[in-house]
file run.csv (CSV, C-alpha atoms)
chain,number,residue,atom,x,y,z
A,5,MET,CA,0.0,0.0,0.0
A,6,ILE,CA,1.4,3.4,-1.0
A,7,THR,CA,1.1,6.0,1.7
A,8,PRO,CA,1.2,9.8,1.2
A,9,GLN,CA,4.7,9.8,2.7
A,10,MET,CA,5.9,7.3,0.1
A,11,MET,CA,4.4,9.5,-2.7
A,12,LEU,CA,7.0,12.1,-1.9
A,13,PHE,CA,9.8,9.7,-2.9
A,14,GLN,CA,8.2,8.7,-6.3
A,15,SER,CA,10.0,9.9,-9.4
A,16,LYS,CA,8.1,11.0,-12.5
A,17,PRO,CA,10.6,11.7,-15.3
A,18,LYS,CA,9.9,14.1,-18.2
A,19,ILE,CA,10.1,12.0,-21.4
A,20,LYS,CA,11.4,13.7,-24.5
A,21,ARG,CA,13.2,12.2,-27.5
A,22,LEU,CA,15.4,9.6,-25.8
A,23,THR,CA,17.5,6.7,-27.1
A,24,LEU,CA,16.3,3.2,-26.4
A,25,CYS,CA,18.6,3.0,-23.3
A,26,GLY,CA,17.3,6.3,-22.0
A,27,SER,CA,13.7,5.2,-22.6
A,28,LEU,CA,14.2,2.1,-20.6
A,29,LEU,CA,15.8,4.1,-17.8
A,30,ALA,CA,12.8,6.5,-17.8
A,31,ILE,CA,10.4,3.5,-17.6
A,32,VAL,CA,12.3,2.0,-14.7
A,33,SER,CA,12.7,5.2,-12.8
A,34,SER,CA,9.0,6.1,-13.1
A,35,THR,CA,7.9,2.8,-11.4
A,36,VAL,CA,10.4,2.7,-8.6
A,37,VAL,CA,9.2,3.9,-5.2
A,38,PHE,CA,11.8,4.7,-2.6
A,39,ILE,CA,10.7,3.8,0.9
A,40,PRO,CA,12.4,5.3,4.0
A,41,SER,CA,14.4,2.7,5.9
A,42,ALA,CA,12.2,3.1,9.0
A,43,THR,CA,9.2,1.6,7.2
A,44,GLY,CA,11.0,-0.6,4.6
A,45,ILE,CA,11.4,-3.9,6.6
A,46,PRO,CA,9.6,-3.9,9.9
A,47,SER,CA,11.3,-7.2,11.2
A,48,LEU,CA,14.1,-9.3,9.9
A,49,TYR,CA,15.4,-12.6,11.1
A,50,TYR,CA,18.6,-14.2,10.0
A,51,ASP,CA,20.2,-17.6,11.0
A,52,LYS,CA,23.2,-19.5,9.7
A,53,THR,CA,24.7,-22.9,10.6
A,54,SER,CA,28.3,-23.1,11.7
A,55,GLN,CA,29.1,-26.8,11.3
A,56,THR,CA,28.7,-29.8,9.0
A,57,ILE,CA,25.4,-31.6,9.5
A,58,SER,CA,24.7,-35.1,8.3
A,59,LEU,CA,21.2,-36.0,7.2
A,60,PRO,CA,19.5,-38.9,8.9
A,61,ALA,CA,20.4,-42.3,7.6
A,62,ALA,CA,16.7,-43.1,7.0
A,63,ASP,CA,15.3,-41.8,3.7
A,64,GLY,CA,12.5,-39.3,3.6
A,65,VAL,CA,13.1,-38.1,7.2
A,66,PRO,CA,13.4,-34.3,7.2
A,67,LEU,CA,16.2,-32.8,9.2
A,68,ILE,CA,15.6,-29.3,10.6
A,69,LEU,CA,18.8,-27.2,10.0
A,70,LEU,CA,17.4,-23.9,11.3
A,71,ARG,CA,14.2,-22.9,13.0
A,72,ARG,CA,12.6,-19.5,13.8
A,73,ASN,CA,9.3,-18.6,15.5
A,74,VAL,CA,7.7,-15.5,13.9
A,75,PRO,CA,4.7,-13.3,14.9
A,76,PRO,CA,1.6,-13.0,12.7
A,77,GLY,CA,1.9,-11.3,9.4
A,78,SER,CA,3.2,-11.8,5.9
A,79,TRP,CA,6.7,-13.2,5.6
A,80,ILE,CA,9.1,-13.8,2.7
A,81,VAL,CA,11.7,-16.5,3.4
A,82,ASN,CA,15.0,-16.9,1.5
A,83,TYR,CA,17.1,-20.0,2.1
A,84,SER,CA,20.2,-21.8,0.9
A,85,ALA,CA,22.1,-25.0,1.9
A,86,THR,CA,25.1,-26.6,0.2
A,87,VAL,CA,24.7,-30.4,0.0
A,88,VAL,CA,27.8,-32.6,-0.2
A,89,ASN,CA,28.2,-36.3,-1.1
A,90,SER,CA,31.4,-38.1,-2.1
A,91,LYS,CA,29.8,-41.5,-2.6
A,92,ALA,CA,26.9,-43.0,-4.6
A,93,ASN,CA,24.5,-40.3,-6.0
A,94,GLU,CA,21.6,-39.2,-3.9
A,95,VAL,CA,18.8,-36.7,-4.5
A,96,THR,CA,18.5,-34.2,-1.7
A,97,ARG,CA,15.7,-31.7,-1.2
A,98,CYS,CA,15.8,-28.6,1.0
A,99,GLY,CA,13.1,-26.1,1.6
A,100,VAL,CA,11.0,-23.9,3.8
A,101,ARG,CA,8.5,-25.5,6.2
A,102,VAL,CA,5.8,-23.5,7.9
A,103,ASN,CA,4.3,-25.2,10.9
A,104,GLY,CA,5.7,-28.5,9.6
A,105,THR,CA,4.4,-28.2,6.0
A,106,PHE,CA,6.8,-27.5,3.1
A,107,VAL,CA,5.9,-24.4,1.2
A,108,SER,CA,9.0,-24.3,-1.0
A,109,VAL,CA,11.3,-27.1,-2.0
A,110,HIS,CA,14.2,-27.5,-4.4
A,111,ALA,CA,16.4,-30.5,-5.2
A,112,ALA,CA,19.9,-31.5,-6.2
A,113,ASN,CA,21.5,-34.8,-7.3
A,114,VAL,CA,24.8,-35.0,-5.4
A,115,GLY,CA,27.4,-37.7,-5.5
A,116,ALA,CA,30.6,-39.0,-7.1
A,117,ASN,CA,28.9,-41.0,-10.0
A,118,ALA,CA,28.0,-39.7,-13.5
A,119,GLY,CA,25.0,-37.4,-13.6
A,120,ALA,CA,25.7,-35.7,-10.3
A,121,THR,CA,28.0,-33.1,-8.7
A,122,PHE,CA,30.1,-33.6,-5.5
A,123,ALA,CA,28.4,-30.5,-4.0
A,124,SER,CA,25.4,-28.4,-4.9
A,125,THR,CA,23.8,-25.3,-3.3
A,126,ILE,CA,20.1,-25.6,-3.0
A,127,SER,CA,18.3,-22.2,-2.6
A,128,GLY,CA,14.9,-20.7,-2.9
A,129,VAL,CA,12.2,-18.4,-1.7
A,130,GLY,CA,9.0,-19.1,0.2
A,131,TYR,CA,6.1,-17.0,1.4
A,132,THR,CA,3.6,-17.3,4.2
A,133,ASN,CA,0.7,-15.2,5.4
A,134,ALA,CA,-1.4,-16.0,8.4
A,135,GLY,CA,-3.2,-14.4,11.3
A,136,GLY,CA,-1.3,-16.3,14.0
A,137,ALA,CA,2.3,-16.9,15.0
A,138,ARG,CA,4.1,-19.7,13.2
A,139,THR,CA,7.3,-21.7,13.1
A,140,ILE,CA,9.5,-21.5,10.0
A,141,ASP,CA,12.1,-24.1,9.3
A,142,LEU,CA,14.9,-24.7,6.8
A,143,ALA,CA,14.8,-28.5,6.4
A,144,CYS,CA,16.5,-31.0,4.2
A,145,VAL,CA,15.6,-34.6,3.3
A,146,HIS,CA,17.2,-37.3,1.0
A,147,ASP,CA,15.4,-39.9,-1.2
A,148,GLY,CA,17.4,-43.0,0.0
A,149,PHE,CA,18.6,-44.4,-3.2
A,150,GLY,CA,22.3,-43.5,-2.7
A,151,ASP,CA,24.6,-42.6,0.1
A,152,VAL,CA,23.6,-40.2,2.9
A,153,PRO,CA,24.7,-36.6,2.1
A,154,SER,CA,25.7,-33.9,4.5
A,155,ILE,CA,25.1,-30.2,4.6
A,156,ASP,CA,28.1,-27.9,4.6
A,157,PRO,CA,28.5,-25.1,7.3
A,158,GLY,CA,26.8,-21.8,6.2
A,159,ALA,CA,23.2,-22.9,5.5
A,160,GLU,CA,21.2,-19.7,5.7
A,161,LEU,CA,17.6,-18.7,6.6
A,162,LEU,CA,16.5,-15.1,6.1
A,163,ILE,CA,12.9,-14.1,7.0
A,164,TYR,CA,11.5,-10.6,6.3
call {"tool": "encode", "arguments": {"input": "run.csv", "output": "structure tokens"}}
result
Amino acid sequence: MITPQMMLFQSKPKIKRLTLCGSLLAIVSSTVVFIPSATGIPSLYYDKTSQTISLPAADGVPLILLRRNVPPGSWIVNYSATVVNSKANEVTRCGVRVNGTFVSVHAANVGANAGATFASTISGVGYTNAGGARTIDLACVHDGFGDVPSIDPGAELLIY
């Protein structure tokens, strides 16, 4: 929602004969709204792992890497985790869970055999909007057809 205070920061360029590049710049600058930092992001949560984490030996069992409880409202969630496997290929999925249910999941095939990479960073974005408080997790799971992968230090969860 645009408030009267935000309207002060909107830019309306005067368009004359411009080159293609100048025209694109004019279009972009006319749609950009600058929001003062005090109202830009009301709350921000950031968590990061600091050690290697092995996934459970059992396939299909999610491992929670990071967890954060957030108050009611709309939340955008960015995440990333680097999955490593030096043995038989395994498909690993990481994503955002809200109150135990995945809302965003991405996968990578990691391993030493053909068709996979030794390490792969899985990242994505999720969104949640509810009237009550909720728990947001970064969780990973493997399919169980290869060897058990691990998660490198530095998996991240950013909620805003």
call {"tool": "closest_atom_pairs", "arguments": {"input": "run.csv", "of": "segment 73-103 of chain A", "to": "segment 54-61 of chain A", "cutoff": "10 Å", "atoms": "only C-alpha atoms", "output": "CSV"}}
result
residue,atom,partner,partner_atom,distance
A:Val87,CA,A:Ser58,CA,9.5
A:Val88,CA,A:Ser58,CA,9.4
A:Thr96,CA,A:Leu59,CA,9.5
call {"tool": "atom_distance", "arguments": {"input": "run.csv", "atom1": "atom CA of Arg72 of chain A", "atom2": "atom CA of Asp51 of chain A"}}
result
8.3 Å
call {"tool": "residues_around", "arguments": {"input": "run.csv", "residues": "Tyr131 of chain A", "least_positions_apart": "2", "cutoff": "6 Å", "atoms": "all atoms listed in the file", "output": "list in words"}}
result
Trp79, Ile80 and Val81 of chain A
call {"tool": "write_last_selection", "arguments": {"input": "run.csv", "atoms": "C-alpha atoms", "output": "compact mmCIF listing (two decimals), in the coordinates of the input"}}
result
# COMPACT_ATOMS: atom_id res chain seq x y z
CA TRP A 79 6.70 -13.20 5.60
CA ILE A 80 9.10 -13.80 2.70
CA VAL A 81 11.70 -16.50 3.40
call {"tool": "atom_distance", "arguments": {"input": "run.csv", "atom1": "atom CA of Lys52 of chain A", "atom2": "atom CA of Pro76 of chain A"}}
result
22.8 Å
call {"tool": "closest_residue", "arguments": {"input": "run.csv", "among": "A:Val145, A:Leu48, A:Ile68, A:Ala159", "to": "Gly104 of chain A", "atoms": "all atoms listed in the file"}}
result
A:Ile68
call {"tool": "residues_around", "arguments": {"input": "run.csv", "residues": "segment 119-128 of chain A", "least_positions_apart": "2", "cutoff": "12 Å", "atoms": "only C-alpha atoms", "output": "NGL selection string"}}
result
:A and (80-100 or 107-117 or 130-131 or 142-145 or 150-151 or 153-162)
call {"tool": "atom_distance", "arguments": {"input": "run.csv", "atom1": "atom CA of Arg101 of chain A", "atom2": "atom CA of Arg71 of chain A"}}
result
9.2 Å
call {"tool": "closest_residue", "arguments": {"input": "run.csv", "among": "A:Gly64, A:Ser47, A:Leu69, A:Ala134", "to": "His146 of chain A", "atoms": "only C-alpha atoms"}}
result
A:Gly64
call {"tool": "build_atoms", "arguments": {"input": "run.csv", "residues": "segment 107-129 of chain A", "atoms": "N, CA, C and O atoms", "output": "PDB file, in the frame of the given file"}}
result
ATOM      1  N   VAL A 107       6.477 -25.342   2.086  1.00  0.00           N
ATOM      2  CA  VAL A 107       5.900 -24.400   1.200  1.00  0.00           C
ATOM      3  C   VAL A 107       6.767 -24.028   0.004  1.00  0.00           C
ATOM      4  O   VAL A 107       6.328 -23.404  -0.946  1.00  0.00           O
ATOM      5  N   SER A 108       8.019 -24.445   0.073  1.00  0.00           N
ATOM      6  CA  SER A 108       9.000 -24.300  -1.000  1.00  0.00           C
ATOM      7  C   SER A 108      10.043 -25.333  -0.910  1.00  0.00           C
ATOM      8  O   SER A 108      10.623 -25.498   0.158  1.00  0.00           O
ATOM      9  N   VAL A 109      10.286 -26.076  -1.994  1.00  0.00           N
ATOM     10  CA  VAL A 109      11.300 -27.100  -2.000  1.00  0.00           C
ATOM     11  C   VAL A 109      12.049 -27.143  -3.293  1.00  0.00           C
ATOM     12  O   VAL A 109      11.453 -26.979  -4.359  1.00  0.00           O
ATOM     13  N   HIS A 110      13.367 -27.321  -3.197  1.00  0.00           N
ATOM     14  CA  HIS A 110      14.200 -27.500  -4.400  1.00  0.00           C
ATOM     15  C   HIS A 110      15.124 -28.660  -4.153  1.00  0.00           C
ATOM     16  O   HIS A 110      15.407 -29.037  -3.016  1.00  0.00           O
ATOM     17  N   ALA A 111      15.610 -29.273  -5.261  1.00  0.00           N
ATOM     18  CA  ALA A 111      16.400 -30.500  -5.200  1.00  0.00           C
ATOM     19  C   ALA A 111      17.683 -30.445  -5.912  1.00  0.00           C
ATOM     20  O   ALA A 111      17.852 -29.634  -6.826  1.00  0.00           O
ATOM     21  N   ALA A 112      18.599 -31.335  -5.535  1.00  0.00           N
ATOM     22  CA  ALA A 112      19.900 -31.500  -6.200  1.00  0.00           C
ATOM     23  C   ALA A 112      20.283 -32.955  -6.169  1.00  0.00           C
ATOM     24  O   ALA A 112      20.013 -33.641  -5.178  1.00  0.00           O
ATOM     25  N   ASN A 113      20.927 -33.430  -7.231  1.00  0.00           N
ATOM     26  CA  ASN A 113      21.500 -34.800  -7.300  1.00  0.00           C
ATOM     27  C   ASN A 113      22.960 -34.674  -6.982  1.00  0.00           C
ATOM     28  O   ASN A 113      23.711 -34.118  -7.775  1.00  0.00           O
ATOM     29  N   VAL A 114      23.396 -35.159  -5.824  1.00  0.00           N
ATOM     30  CA  VAL A 114      24.800 -35.000  -5.400  1.00  0.00           C
ATOM     31  C   VAL A 114      25.431 -36.401  -5.262  1.00  0.00           C
ATOM     32  O   VAL A 114      24.785 -37.353  -4.824  1.00  0.00           O
ATOM     33  N   GLY A 115      26.690 -36.488  -5.632  1.00  0.00           N
ATOM     34  CA  GLY A 115      27.400 -37.700  -5.500  1.00  0.00           C
ATOM     35  C   GLY A 115      28.613 -37.769  -6.424  1.00  0.00           C
ATOM     36  O   GLY A 115      28.858 -36.835  -7.201  1.00  0.00           O
ATOM     37  N   ALA A 116      29.366 -38.874  -6.377  1.00  0.00           N
ATOM     38  CA  ALA A 116      30.600 -39.000  -7.100  1.00  0.00           C
ATOM     39  C   ALA A 116      30.387 -39.680  -8.501  1.00  0.00           C
ATOM     40  O   ALA A 116      31.283 -39.690  -9.336  1.00  0.00           O
ATOM     41  N   ASN A 117      29.215 -40.235  -8.749  1.00  0.00           N
ATOM     42  CA  ASN A 117      28.900 -41.000 -10.000  1.00  0.00           C
ATOM     43  C   ASN A 117      28.496 -39.983 -11.092  1.00  0.00           C
ATOM     44  O   ASN A 117      28.146 -38.832 -10.821  1.00  0.00           O
ATOM     45  N   ALA A 118      28.463 -40.488 -12.327  1.00  0.00           N
ATOM     46  CA  ALA A 118      28.000 -39.700 -13.500  1.00  0.00           C
ATOM     47  C   ALA A 118      26.593 -39.176 -13.230  1.00  0.00           C
ATOM     48  O   ALA A 118      25.767 -39.856 -12.629  1.00  0.00           O
ATOM     49  N   GLY A 119      26.319 -37.979 -13.694  1.00  0.00           N
ATOM     50  CA  GLY A 119      25.000 -37.400 -13.600  1.00  0.00           C
ATOM     51  C   GLY A 119      24.783 -36.583 -12.298  1.00  0.00           C
ATOM     52  O   GLY A 119      23.676 -36.138 -12.034  1.00  0.00           O
ATOM     53  N   ALA A 120      25.829 -36.406 -11.513  1.00  0.00           N
ATOM     54  CA  ALA A 120      25.700 -35.700 -10.300  1.00  0.00           C
ATOM     55  C   ALA A 120      26.941 -34.798 -10.055  1.00  0.00           C
ATOM     56  O   ALA A 120      27.935 -34.954 -10.757  1.00  0.00           O
ATOM     57  N   THR A 121      26.864 -33.905  -9.102  1.00  0.00           N
ATOM     58  CA  THR A 121      28.000 -33.100  -8.700  1.00  0.00           C
ATOM     59  C   THR A 121      28.353 -33.465  -7.250  1.00  0.00           C
ATOM     60  O   THR A 121      27.483 -33.903  -6.494  1.00  0.00           O
ATOM     61  N   PHE A 122      29.599 -33.290  -6.890  1.00  0.00           N
ATOM     62  CA  PHE A 122      30.100 -33.600  -5.500  1.00  0.00           C
ATOM     63  C   PHE A 122      29.346 -32.694  -4.505  1.00  0.00           C
ATOM     64  O   PHE A 122      29.002 -33.125  -3.415  1.00  0.00           O
ATOM     65  N   ALA A 123      29.125 -31.428  -4.878  1.00  0.00           N
ATOM     66  CA  ALA A 123      28.400 -30.500  -4.000  1.00  0.00           C
ATOM     67  C   ALA A 123      27.501 -29.612  -4.819  1.00  0.00           C
ATOM     68  O   ALA A 123      27.795 -29.288  -5.965  1.00  0.00           O
ATOM     69  N   SER A 124      26.389 -29.254  -4.231  1.00  0.00           N
ATOM     70  CA  SER A 124      25.400 -28.400  -4.900  1.00  0.00           C
ATOM     71  C   SER A 124      24.705 -27.525  -3.893  1.00  0.00           C
ATOM     72  O   SER A 124      24.286 -28.019  -2.839  1.00  0.00           O
ATOM     73  N   THR A 125      24.571 -26.241  -4.211  1.00  0.00           N
ATOM     74  CA  THR A 125      23.800 -25.300  -3.300  1.00  0.00           C
ATOM     75  C   THR A 125      22.376 -25.306  -3.747  1.00  0.00           C
ATOM     76  O   THR A 125      22.063 -25.027  -4.897  1.00  0.00           O
ATOM     77  N   ILE A 126      21.513 -25.615  -2.806  1.00  0.00           N
ATOM     78  CA  ILE A 126      20.100 -25.600  -3.000  1.00  0.00           C
ATOM     79  C   ILE A 126      19.575 -24.284  -2.382  1.00  0.00           C
ATOM     80  O   ILE A 126      19.852 -24.016  -1.213  1.00  0.00           O
ATOM     81  N   SER A 127      18.860 -23.480  -3.156  1.00  0.00           N
ATOM     82  CA  SER A 127      18.300 -22.200  -2.600  1.00  0.00           C
ATOM     83  C   SER A 127      16.963 -21.951  -3.164  1.00  0.00           C
ATOM     84  O   SER A 127      16.574 -22.504  -4.195  1.00  0.00           O
ATOM     85  N   GLY A 128      16.233 -21.088  -2.483  1.00  0.00           N
ATOM     86  CA  GLY A 128      14.900 -20.700  -2.900  1.00  0.00           C
ATOM     87  C   GLY A 128      14.255 -19.689  -2.077  1.00  0.00           C
ATOM     88  O   GLY A 128      14.869 -19.150  -1.160  1.00  0.00           O
ATOM     89  N   VAL A 129      12.988 -19.415  -2.406  1.00  0.00           N
ATOM     90  CA  VAL A 129      12.200 -18.400  -1.700  1.00  0.00           C
ATOM     91  C   VAL A 129      10.843 -18.988  -1.389  1.00  0.00           C
ATOM     92  O   VAL A 129      10.261 -19.701  -2.202  1.00  0.00           O
TER      93      VAL A 129
END
